[in-house]
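Source file: model_23.csv (CSV, C-alpha atoms)
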chain,number,residue,atom,x,y,z
A,200,MET,CA,11.6,-7.0,18.0
A,201,SER,CA,8.4,-6.4,16.0
A,202,VAL,CA,8.7,-5.8,12.3
A,203,ALA,CA,6.6,-3.7,9.9
A,204,VAL,CA,6.9,-4.7,6.2
A,205,VAL,CA,6.0,-2.0,3.7
A,206,THR,CA,5.9,-2.6,0.0
A,207,GLY,CA,6.2,0.1,-2.7
A,208,ALA,CA,8.4,1.9,-0.1
A,209,ALA,CA,10.3,4.0,-2.6
A,210,GLY,CA,7.1,5.9,-3.6
A,211,GLY,CA,5.5,8.8,-1.9
A,212,ILE,CA,2.9,6.9,0.2
A,213,GLY,CA,5.2,4.0,0.9
A,214,ARG,CA,8.0,6.1,2.0
A,215,ALA,CA,5.8,8.1,4.3
A,216,VAL,CA,4.3,4.9,5.8
A,217,ALA,CA,7.8,3.4,6.3
A,218,LEU,CA,9.0,6.5,8.2
A,219,ARG,CA,5.8,6.7,10.3
A,220,LEU,CA,6.0,3.0,11.4
A,221,ALA,CA,9.6,3.4,12.2
A,222,ARG,CA,8.8,6.3,14.5
A,223,ALA,CA,6.1,4.1,16.1
A,224,GLY,CA,8.9,1.8,17.2
A,225,HIS,CA,8.9,-0.9,14.6
A,226,ARG,CA,11.9,-2.2,12.7
A,227,VAL,CA,10.8,-1.6,9.1
A,228,VAL,CA,11.5,-3.8,6.2
A,229,ALA,CA,11.1,-1.4,3.2
A,230,VAL,CA,10.5,-3.2,0.0
A,231,ASP,CA,10.5,-1.9,-3.6
A,232,VAL,CA,11.5,-3.1,-7.0
A,233,SER,CA,13.3,0.2,-7.6
A,234,GLY,CA,17.0,0.8,-6.8
A,235,ARG,CA,15.8,4.1,-5.3
A,236,ILE,CA,14.8,2.2,-2.2
A,237,GLU,CA,18.4,2.4,-0.8
A,238,GLU,CA,18.4,6.1,-1.3
A,239,VAL,CA,15.0,6.6,0.3
A,240,VAL,CA,16.1,4.7,3.4
A,241,ALA,CA,19.4,6.5,3.7
A,242,MET,CA,17.6,9.8,3.5
A,243,GLY,CA,15.5,9.1,6.5
A,244,GLY,CA,13.5,12.2,7.4
A,245,ASP,CA,10.8,13.4,9.8
A,246,GLY,CA,13.1,12.7,12.7
A,247,THR,CA,13.3,9.0,11.8
A,248,ASP,CA,16.5,7.1,12.5
A,249,PRO,CA,17.5,5.4,9.2
A,250,SER,CA,19.0,2.5,11.1
A,251,ARG,CA,15.5,1.4,12.0
A,252,ILE,CA,14.7,0.8,8.3
A,253,ASP,CA,16.1,-2.1,6.2
A,254,ALA,CA,15.9,-1.7,2.4
A,255,VAL,CA,15.1,-4.7,0.3
A,256,GLN,CA,15.2,-4.3,-3.5
A,257,VAL,CA,13.1,-7.1,-4.9
A,258,ASP,CA,10.5,-7.9,-7.5
A,259,LEU,CA,7.5,-9.3,-5.7
A,260,THR,CA,6.2,-10.8,-9.0
A,261,ASP,CA,9.2,-13.0,-9.0
A,262,PRO,CA,8.5,-16.4,-7.4
A,263,ASP,CA,11.5,-15.9,-5.1
A,264,GLY,CA,10.5,-12.3,-4.1
A,265,PRO,CA,8.4,-13.1,-1.0
A,266,GLU,CA,11.0,-15.4,0.3
A,267,GLN,CA,13.7,-12.7,0.1
A,268,VAL,CA,11.4,-10.4,2.1
A,269,GLU,CA,10.9,-13.1,4.7
A,270,GLN,CA,14.7,-13.6,5.0
A,271,ALA,CA,15.0,-9.8,5.7
A,272,VAL,CA,12.5,-10.2,8.6
A,273,GLY,CA,14.9,-12.6,10.2
A,274,ASP,CA,13.9,-14.2,13.5
A,275,ASP,CA,11.5,-11.4,14.4
A,276,HIS,CA,7.7,-11.5,14.0
A,277,VAL,CA,5.7,-9.4,11.6
A,278,ALA,CA,3.5,-7.0,13.5
A,279,VAL,CA,2.3,-5.0,10.5
A,280,LEU,CA,2.2,-5.8,6.8
A,281,VAL,CA,1.4,-2.9,4.5
A,282,ASN,CA,0.7,-4.0,0.9
A,283,ASN,CA,1.2,-0.7,-0.9
A,284,ALA,CA,3.1,-1.7,-4.1
A,285,GLY,CA,1.1,-0.7,-7.2
A,286,ILE,CA,1.3,0.6,-10.8
A,287,THR,CA,-1.1,2.0,-13.4
A,288,ARG,CA,-1.3,1.3,-17.1
A,289,ASP,CA,-4.4,3.4,-18.0
A,290,ALA,CA,-6.3,3.0,-21.3
A,291,ARG,CA,-9.8,2.6,-22.5
A,292,LEU,CA,-10.8,-1.0,-22.7
A,293,VAL,CA,-10.6,-1.1,-26.5
A,294,ASN,CA,-7.0,0.1,-26.3
A,295,LEU,CA,-5.9,-1.9,-23.3
A,296,ALA,CA,-3.1,-4.2,-24.3
A,297,GLY,CA,-2.9,-7.7,-22.8
A,298,PRO,CA,0.5,-7.2,-21.2
A,299,ASP,CA,-0.6,-3.9,-19.6
A,300,PHE,CA,-3.7,-5.6,-18.2
A,301,ALA,CA,-1.7,-8.5,-16.8
A,302,ALA,CA,1.1,-6.3,-15.3
A,303,VAL,CA,-1.4,-4.2,-13.2
A,304,LEU,CA,-3.1,-7.3,-11.8
A,305,ASP,CA,0.3,-9.1,-11.2
A,306,ILE,CA,1.7,-6.2,-9.2
A,307,ASN,CA,-1.3,-4.6,-7.5
A,308,LEU,CA,-3.1,-7.8,-6.6
A,309,GLY,CA,-0.6,-10.7,-7.1
A,310,ALA,CA,2.2,-9.2,-5.1
A,311,ALA,CA,-0.1,-8.6,-2.2
A,312,TYR,CA,-1.5,-12.1,-2.4
A,313,HIS,CA,1.9,-13.8,-2.6
A,314,LEU,CA,3.6,-11.8,0.2
A,315,THR,CA,0.6,-12.0,2.5
A,316,ARG,CA,0.4,-15.7,2.1
A,317,ARG,CA,4.1,-16.0,2.8
A,318,LEU,CA,4.2,-13.8,5.9
A,319,ILE,CA,1.0,-14.9,7.7
A,320,PRO,CA,2.9,-17.7,9.5
A,321,ARG,CA,5.3,-15.1,10.8
A,322,MET,CA,2.5,-13.1,12.5
A,323,ARG,CA,1.2,-13.4,16.1
A,324,SER,CA,-2.1,-12.6,17.7
A,325,GLY,CA,-2.6,-8.8,17.4
A,326,SER,CA,-0.8,-8.4,14.1
A,327,SER,CA,-2.3,-6.3,11.4
A,328,ILE,CA,-2.5,-6.5,7.6
A,329,ILE,CA,-3.3,-3.2,5.8
A,330,SER,CA,-3.6,-3.1,2.0
A,331,LEU,CA,-3.7,0.0,-0.1
A,332,ALA,CA,-6.8,-0.1,-2.4
A,333,SER,CA,-8.0,3.1,-4.0
A,334,ARG,CA,-11.1,5.1,-4.4
A,335,ALA,CA,-10.8,3.9,-8.0
A,336,TYR,CA,-12.2,0.5,-6.9
A,337,LEU,CA,-15.6,2.2,-7.3
A,338,GLY,CA,-14.7,2.7,-11.0
A,339,ASN,CA,-12.8,5.3,-13.0
A,340,PHE,CA,-12.8,6.1,-16.7
A,341,GLY,CA,-9.8,4.6,-18.4
A,342,GLN,CA,-8.7,2.6,-15.4
A,343,TYR,CA,-10.4,-0.8,-16.2
A,344,ASN,CA,-7.4,-2.8,-15.0
A,345,TYR,CA,-6.5,-0.6,-12.1
A,346,SER,CA,-10.1,-0.4,-10.8
A,347,MET,CA,-10.3,-4.2,-11.1
A,348,SER,CA,-7.1,-4.8,-9.2
A,349,LYS,CA,-8.2,-2.4,-6.4
A,350,GLY,CA,-11.6,-4.0,-6.2
A,351,ALA,CA,-10.0,-7.3,-5.8
A,352,ILE,CA,-7.9,-6.0,-2.9
A,353,VAL,CA,-11.1,-5.0,-1.2
A,354,GLY,CA,-12.5,-8.5,-1.7
A,355,MET,CA,-9.3,-10.1,-0.5
A,356,THR,CA,-9.3,-7.9,2.6
A,357,ARG,CA,-12.8,-8.8,3.6
A,358,ALA,CA,-12.4,-12.5,3.0
A,359,LEU,CA,-9.1,-12.6,4.8
A,360,ALA,CA,-10.4,-10.7,7.8
A,361,ILE,CA,-13.0,-13.4,8.3
A,362,GLU,CA,-10.5,-16.2,7.9
A,363,LEU,CA,-7.8,-14.7,10.2
A,364,SER,CA,-10.1,-13.4,13.0
A,365,PRO,CA,-9.8,-13.1,15.9
A,366,ASP,CA,-6.0,-13.2,15.8
A,367,ILE,CA,-5.0,-11.0,12.9
A,368,ARG,CA,-6.8,-7.9,11.8
A,369,VAL,CA,-7.1,-7.1,8.1
A,370,ASN,CA,-8.2,-3.8,6.6
A,371,ALA,CA,-7.8,-1.7,3.5
A,372,ILE,CA,-7.3,2.0,2.8
A,373,ALA,CA,-8.8,3.6,-0.3
A,374,PRO,CA,-7.0,6.9,-1.0
A,375,GLY,CA,-8.4,9.5,-3.3
A,376,LEU,CA,-6.2,12.0,-5.0
A,377,ILE,CA,-2.9,12.1,-3.1
A,378,ALA,CA,0.1,14.3,-3.9
A,379,THR,CA,2.6,11.8,-5.2
A,380,GLU,CA,4.9,11.6,-8.2
A,381,MET,CA,2.2,9.6,-10.0
A,382,THR,CA,-0.6,12.1,-9.5
A,383,MET,CA,1.6,15.1,-10.2
A,384,GLY,CA,2.2,13.5,-13.6
A,385,ILE,CA,-1.4,14.1,-14.5
A,386,PRO,CA,-1.8,17.1,-16.8
A,387,ASP,CA,-2.4,20.3,-14.9
A,388,ASP,CA,-5.8,21.0,-16.4
A,389,ILE,CA,-7.1,17.6,-15.6
A,390,ARG,CA,-5.7,17.6,-12.1
A,391,SER,CA,-7.2,20.9,-11.4
A,392,LYS,CA,-10.7,19.6,-12.3
A,393,MET,CA,-10.1,16.6,-10.1
A,394,VAL,CA,-9.2,18.8,-7.2
A,395,ALA,CA,-12.2,21.0,-7.8
A,396,ALA,CA,-14.4,18.0,-7.2
A,397,ILE,CA,-12.9,17.3,-3.7
A,398,PRO,CA,-15.1,18.9,-0.9
A,399,LEU,CA,-12.0,19.8,1.1
A,400,GLY,CA,-10.5,21.6,-1.9
A,401,ARG,CA,-7.1,20.0,-2.0
A,402,MET,CA,-5.1,16.8,-2.7
A,403,GLY,CA,-4.2,14.7,0.3
A,404,GLU,CA,-0.6,14.3,1.5
A,405,PRO,CA,1.3,11.0,1.8
A,406,ALA,CA,1.8,11.7,5.5
A,407,GLU,CA,-1.9,11.8,6.1
A,408,VAL,CA,-2.3,8.3,4.6
A,409,ALA,CA,0.6,7.2,6.7
A,410,GLU,CA,-1.2,8.4,9.9
A,411,LEU,CA,-4.2,6.3,8.9
A,412,VAL,CA,-2.0,3.3,8.4
A,413,ALA,CA,-0.5,3.8,11.9
A,414,PHE,CA,-4.0,4.1,13.4
A,415,LEU,CA,-5.3,0.9,11.8
A,416,ALA,CA,-2.1,-0.9,12.8
A,417,MET,CA,-3.1,-0.2,16.4
A,418,ALA,CA,-6.9,-0.2,16.2
A,419,GLU,CA,-7.8,-3.4,18.1
A,420,TYR,CA,-11.5,-3.5,17.2
A,421,ILE,CA,-11.4,-2.7,13.5
A,422,THR,CA,-11.2,-5.5,10.9
A,423,GLY,CA,-12.6,-6.2,7.5
A,424,GLU,CA,-13.1,-2.5,6.7
A,425,VAL,CA,-12.3,-0.2,3.8
A,426,VAL,CA,-11.5,3.3,4.9
A,427,VAL,CA,-11.7,6.0,2.3
A,428,ILE,CA,-9.3,8.9,2.7
A,429,GLY,CA,-10.3,11.3,0.0
A,430,GLY,CA,-11.1,14.7,1.4
A,431,GLY,CA,-14.8,14.0,1.4
A,432,ARG,CA,-15.0,12.6,-2.1
A,433,SER,CA,-15.9,9.0,-1.3
A,434,LEU,CA,-18.9,7.8,-3.2
A,435,THR,CA,-19.4,10.5,-5.9
Spit out the file's structure as C-alpha cells when you get a sec.
Amino acid sequence: MSVAVVTGAAGGIGRAVALRLARAGHRVVAVDVSGRIEEVVAMGGDGTDPSRIDAVQVDLTDPDGPEQVEQAVGDDHVAVLVNNAGITRDARLVNLAGPDFAAVLDINLGAAYHLTRRLIPRMRSGSSIISLASRAYLGNFGQYNYSMSKGAIVGMTRALAIELSPDIRVNAIAPGLIATEMTMGIPDDIRSKMVAAIPLGRMGEPAEVAELVAFLAMAEYITGEVVVIGGGRSLT
C-alpha cells in the first residue's frame, strides 16, 4: 500500500491535507508534536474513514523523531511526503531572541530536512515531496526568522528537485492568508487590513490548500516549482 506522510497534521492545513490524501486512497501517517493528533485522527471528517489514518505523536526536532515516523510507515513505500510542520515566533530583528530564532529554523526547516533525508530511500519512482513554504518567503515585517525559514524551504525544494529527478518530484506551496487557528489569532483590525489587500477579498481555506497538495502529488510533469495560493496576492 502507498503511504502519504503529513507533518503538522493536528493543525488546520495539515489536518485538511491528511483527510484529502486519505480520500485519494493513501494510508496516511499523520505526524504532529501535539497530543491533539490522536483526537484529530479519531474525528475523521469530510467522509474520510479514520482507519486510513495513523496518528504519530513525535517531535521531529528530536534525533529519534524521523526514525519513529519511518517505523510507522512499516513495510509500505512512501508515495507522498508533505512537510507542513511549522511555527512562528514573530518579532522585529532588534527584539528577536536567540532561542526564538533557532526554534523557528529548527522546526520549519530542520524538521523538513531530517525527515525528507530519512524517507527518500523509502520512495519509488513517481513519488512526490511537497513542502509548505509561505508567501512570507518574499519577506514580511516582523517575520525575519519565519521568512528566512520559508525562503530556505524554497531553496531546498529547487535543489532537491534537480537531485532527485527524474524519479521523485519535489515542489513547494506558498500559501497566503489561510483561515487557520494561527491566522485567526491575529488581531481583528490587522487581519481585516490583510484581507483587504487580497484581490479575491477573502482568506483561503485549508481545504483549498489540500486540493493543491493532492494535485501536485499526482502532477507528473511538475517539479522544482513554488506554487503560490494567495487569492491573487502573490508578489505585492
_Best match for closeness to Gly213 of chain A among A:Ala332, A:Val425, A:Val408, A:Ile361, counting all atoms listed in the file_ =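 Residue with the minimum atom-to-atom distance to Gly213 of chain A: A:Val408.
Atom pair atom CA of Ser326 of chain A / atom CA of Ala358 of chain A has a distance of 16.6 Å (rounded to one decimal).
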*Write out as number ranges by chain which residues come within 12 Å of Ala223 of chain A when counting only C-alpha atoms, dropping same-chain ones fewer than 6 positions away.*
A: 201-203, 216-217, 246-248, 251, 278-279, 409-410, 412-414, 416-417
Would you mind exporting C-alpha atoms of the selected residues as an mmCIF file, in the frame of the given file?
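File produced: out_0.cif:
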data_model
loop_
_atom_site.group_PDB
_atom_site.id
_atom_site.type_symbol
_atom_site.label_atom_id
_atom_site.label_comp_id
_atom_site.auth_asym_id
_atom_site.auth_seq_id
_atom_site.Cartn_x
_atom_site.Cartn_y
_atom_site.Cartn_z
ATOM 1 C CA SER A 201 8.400 -6.400 16.000
ATOM 2 C CA VAL A 202 8.700 -5.800 12.300
ATOM 3 C CA ALA A 203 6.600 -3.700 9.900
ATOM 4 C CA VAL A 216 4.300 4.900 5.800
ATOM 5 C CA ALA A 217 7.800 3.400 6.300
ATOM 6 C CA GLY A 246 13.100 12.700 12.700
ATOM 7 C CA THR A 247 13.300 9.000 11.800
ATOM 8 C CA ASP A 248 16.500 7.100 12.500
ATOM 9 C CA ARG A 251 15.500 1.400 12.000
ATOM 10 C CA ALA A 278 3.500 -7.000 13.500
ATOM 11 C CA VAL A 279 2.300 -5.000 10.500
ATOM 12 C CA ALA A 409 0.600 7.200 6.700
ATOM 13 C CA GLU A 410 -1.200 8.400 9.900
ATOM 14 C CA VAL A 412 -2.000 3.300 8.400
ATOM 15 C CA ALA A 413 -0.500 3.800 11.900
ATOM 16 C CA PHE A 414 -4.000 4.100 13.400
ATOM 17 C CA ALA A 416 -2.100 -0.900 12.800
ATOM 18 C CA MET A 417 -3.100 -0.200 16.400
#
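Interatomic distance, atom CA of Gly354 of chain A against atom CA of Val204 of chain A: 21.3 Å.
Residues in contact with Pro405 of chain A at 7 Å, where all atoms listed in the file are counted and same-chain residues fewer than 3 positions away are skipped, are listed as Gly211, Ile212, Ala215, Ile377, Ala378, Val408 and Ala409 of chain A.
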*Polymer residues at most 12 Å from Leu337 of chain A, all atoms listed in the file, same-chain spacing of 5 or more positions, as a PyMOL selection string*: chain A and resi 332+342-343+345-351+353+373-375+425+427+432-435
Go ahead and save the residues from that selection, with C-alpha atoms, as a compact mmCIF listing (two decimals), keeping the file's coordinate frame.
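Generated output (selection.txt):
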# COMPACT_ATOMS: atom_id res chain seq x y z
CA ALA A 332 -6.80 -0.10 -2.40
CA GLN A 342 -8.70 2.60 -15.40
CA TYR A 343 -10.40 -0.80 -16.20
CA TYR A 345 -6.50 -0.60 -12.10
CA SER A 346 -10.10 -0.40 -10.80
CA MET A 347 -10.30 -4.20 -11.10
CA SER A 348 -7.10 -4.80 -9.20
CA LYS A 349 -8.20 -2.40 -6.40
CA GLY A 350 -11.60 -4.00 -6.20
CA ALA A 351 -10.00 -7.30 -5.80
CA VAL A 353 -11.10 -5.00 -1.20
CA ALA A 373 -8.80 3.60 -0.30
CA PRO A 374 -7.00 6.90 -1.00
CA GLY A 375 -8.40 9.50 -3.30
CA VAL A 425 -12.30 -0.20 3.80
CA VAL A 427 -11.70 6.00 2.30
CA ARG A 432 -15.00 12.60 -2.10
CA SER A 433 -15.90 9.00 -1.30
CA LEU A 434 -18.90 7.80 -3.20
CA THR A 435 -19.40 10.50 -5.90
*Select, from A:Ile352, A:Leu314, A:Ala221, A:Val369, the residue with the minimum atom-to-atom distance to Leu331 of chain A, counting only C-alpha atoms.*
A:Ile352
*In the coordinate frame of the file, compute which residues have an atom within 7 Å of (14.2, 4.8, 0.6) when using all atoms listed in the file, and state them as an MDAnalysis selection string.*
chainID A and resid 208:209 214 235:242 254
_With all atoms listed in the file as the counted atoms, please give the residues lying no more than 12 Å from Pro262 of chain A, apart from itself and same-chain residues fewer than 3 positions off, as a count of residues only._
14
_Using Å and a single decimal, report how far atom CA of Gly210 of chain A sits from atom CA of Val426 of chain A._
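Spanning atom CA of Val426 of chain A to atom CA of Gly210 of chain A is a straight-line distance of 20.6 Å.
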_Please determine, counting all atoms listed in the file, which residue among A:Leu280, A:Val394, A:Leu376, A:Ala360 has the shortest atom-to-atom distance to Ile329 of chain A._
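Ranking A:Leu280, A:Val394, A:Leu376, A:Ala360 by distance to Ile329 of chain A, first place goes to A:Leu280.
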_For a cutoff of 9 Å around the file-coordinate point (-3.8, -15.0, 8.4), which residues qualify once you count all atoms listed in the file? I'd like the result as a PyMOL selection string._
chain A and resi 315-316+318-320+322+328+359-360+362-364+366-369
*So, counting all atoms listed in the file, which residue among A:Ile389, A:Ala406, A:Val255, A:Leu218 is closest to Asp231 of chain A?*
A:Val255
_Counting all atoms listed in the file, the option among A:Gly431, A:Leu304, A:His225, A:Ser333 closest to Pro398 of chain A_ =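 Looking at the shortest contact to Pro398 of chain A, the residue is A:Gly431.
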*Select, from A:Val277, A:Met200, A:Ala271, A:Ala396, the residue with the minimum atom-to-atom distance to Val230 of chain A, counting all atoms listed in the file.*
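Closest to Val230 of chain A, using all atoms listed in the file: A:Ala271.
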Generate the coordinates of N, CA and C atoms for segment 201-228 of chain A; report them as an mmCIF file, in the coordinates of the input.
data_model
loop_
_atom_site.group_PDB
_atom_site.id
_atom_site.type_symbol
_atom_site.label_atom_id
_atom_site.label_comp_id
_atom_site.auth_asym_id
_atom_site.auth_seq_id
_atom_site.Cartn_x
_atom_site.Cartn_y
_atom_site.Cartn_z
ATOM 1 N N SER A 201 9.467 -6.312 16.974
ATOM 2 C CA SER A 201 8.400 -6.400 16.000
ATOM 3 C C SER A 201 8.816 -5.721 14.696
ATOM 4 N N VAL A 202 8.368 -6.288 13.588
ATOM 5 C CA VAL A 202 8.700 -5.800 12.300
ATOM 6 C C VAL A 202 7.499 -5.317 11.528
ATOM 7 N N ALA A 203 7.646 -4.208 10.817
ATOM 8 C CA ALA A 203 6.600 -3.700 9.900
ATOM 9 C C ALA A 203 7.187 -3.864 8.482
ATOM 10 N N VAL A 204 6.496 -4.580 7.620
ATOM 11 C CA VAL A 204 6.900 -4.700 6.200
ATOM 12 C C VAL A 204 6.066 -3.794 5.379
ATOM 13 N N VAL A 205 6.725 -2.963 4.587
ATOM 14 C CA VAL A 205 6.000 -2.000 3.700
ATOM 15 C C VAL A 205 6.497 -2.171 2.307
ATOM 16 N N THR A 206 5.584 -2.476 1.401
ATOM 17 C CA THR A 206 5.900 -2.600 0.000
ATOM 18 C C THR A 206 5.705 -1.310 -0.750
ATOM 19 N N GLY A 207 6.356 -1.181 -1.904
ATOM 20 C CA GLY A 207 6.200 0.100 -2.700
ATOM 21 C C GLY A 207 6.820 1.232 -1.860
ATOM 22 N N ALA A 208 7.876 0.959 -1.065
ATOM 23 C CA ALA A 208 8.400 1.900 -0.100
ATOM 24 C C ALA A 208 9.229 3.029 -0.697
ATOM 25 N N ALA A 209 9.544 2.951 -1.988
ATOM 26 C CA ALA A 209 10.300 4.000 -2.600
ATOM 27 C C ALA A 209 9.391 5.133 -3.129
ATOM 28 N N GLY A 210 8.089 4.878 -3.172
ATOM 29 C CA GLY A 210 7.100 5.900 -3.600
ATOM 30 C C GLY A 210 6.678 6.792 -2.534
ATOM 31 N N GLY A 211 5.872 7.779 -2.885
ATOM 32 C CA GLY A 211 5.500 8.800 -1.900
ATOM 33 C C GLY A 211 4.723 8.257 -0.713
ATOM 34 N N ILE A 212 3.666 7.480 -0.952
ATOM 35 C CA ILE A 212 2.900 6.900 0.200
ATOM 36 C C ILE A 212 3.719 5.898 0.924
ATOM 37 N N GLY A 213 4.377 5.002 0.201
ATOM 38 C CA GLY A 213 5.200 4.000 0.900
ATOM 39 C C GLY A 213 6.252 4.492 1.730
ATOM 40 N N ARG A 214 6.962 5.502 1.242
ATOM 41 C CA ARG A 214 8.000 6.100 2.000
ATOM 42 C C ARG A 214 7.471 6.731 3.303
ATOM 43 N N ALA A 215 6.372 7.464 3.174
ATOM 44 C CA ALA A 215 5.800 8.100 4.300
ATOM 45 C C ALA A 215 5.319 7.062 5.367
ATOM 46 N N VAL A 216 4.781 5.951 4.883
ATOM 47 C CA VAL A 216 4.300 4.900 5.800
ATOM 48 C C VAL A 216 5.531 4.244 6.493
ATOM 49 N N ALA A 217 6.604 3.979 5.741
ATOM 50 C CA ALA A 217 7.800 3.400 6.300
ATOM 51 C C ALA A 217 8.356 4.256 7.445
ATOM 52 N N LEU A 218 8.456 5.554 7.184
ATOM 53 C CA LEU A 218 9.000 6.500 8.200
ATOM 54 C C LEU A 218 8.066 6.543 9.414
ATOM 55 N N ARG A 219 6.761 6.570 9.163
ATOM 56 C CA ARG A 219 5.800 6.700 10.300
ATOM 57 C C ARG A 219 5.849 5.443 11.168
ATOM 58 N N LEU A 220 5.938 4.263 10.581
ATOM 59 C CA LEU A 220 6.000 3.000 11.400
ATOM 60 C C LEU A 220 7.302 2.881 12.103
ATOM 61 N N ALA A 221 8.361 3.412 11.511
ATOM 62 C CA ALA A 221 9.600 3.400 12.200
ATOM 63 C C ALA A 221 9.565 4.296 13.446
ATOM 64 N N ARG A 222 8.913 5.443 13.322
ATOM 65 C CA ARG A 222 8.800 6.300 14.500
ATOM 66 C C ARG A 222 7.871 5.710 15.544
ATOM 67 N N ALA A 223 7.001 4.790 15.121
ATOM 68 C CA ALA A 223 6.100 4.100 16.100
ATOM 69 C C ALA A 223 6.872 3.009 16.844
ATOM 70 N N GLY A 224 8.130 2.762 16.485
ATOM 71 C CA GLY A 224 8.900 1.800 17.200
ATOM 72 C C GLY A 224 9.215 0.496 16.544
ATOM 73 N N HIS A 225 8.712 0.332 15.325
ATOM 74 C CA HIS A 225 8.900 -0.900 14.600
ATOM 75 C C HIS A 225 10.299 -0.883 13.884
ATOM 76 N N ARG A 226 10.878 -2.048 13.695
ATOM 77 C CA ARG A 226 11.900 -2.200 12.700
ATOM 78 C C ARG A 226 11.190 -2.375 11.363
ATOM 79 N N VAL A 227 11.523 -1.551 10.390
ATOM 80 C CA VAL A 227 10.800 -1.600 9.100
ATOM 81 C C VAL A 227 11.594 -2.231 8.034
ATOM 82 N N VAL A 228 10.976 -3.180 7.357
ATOM 83 C CA VAL A 228 11.500 -3.800 6.200
ATOM 84 C C VAL A 228 10.861 -3.077 4.982
#
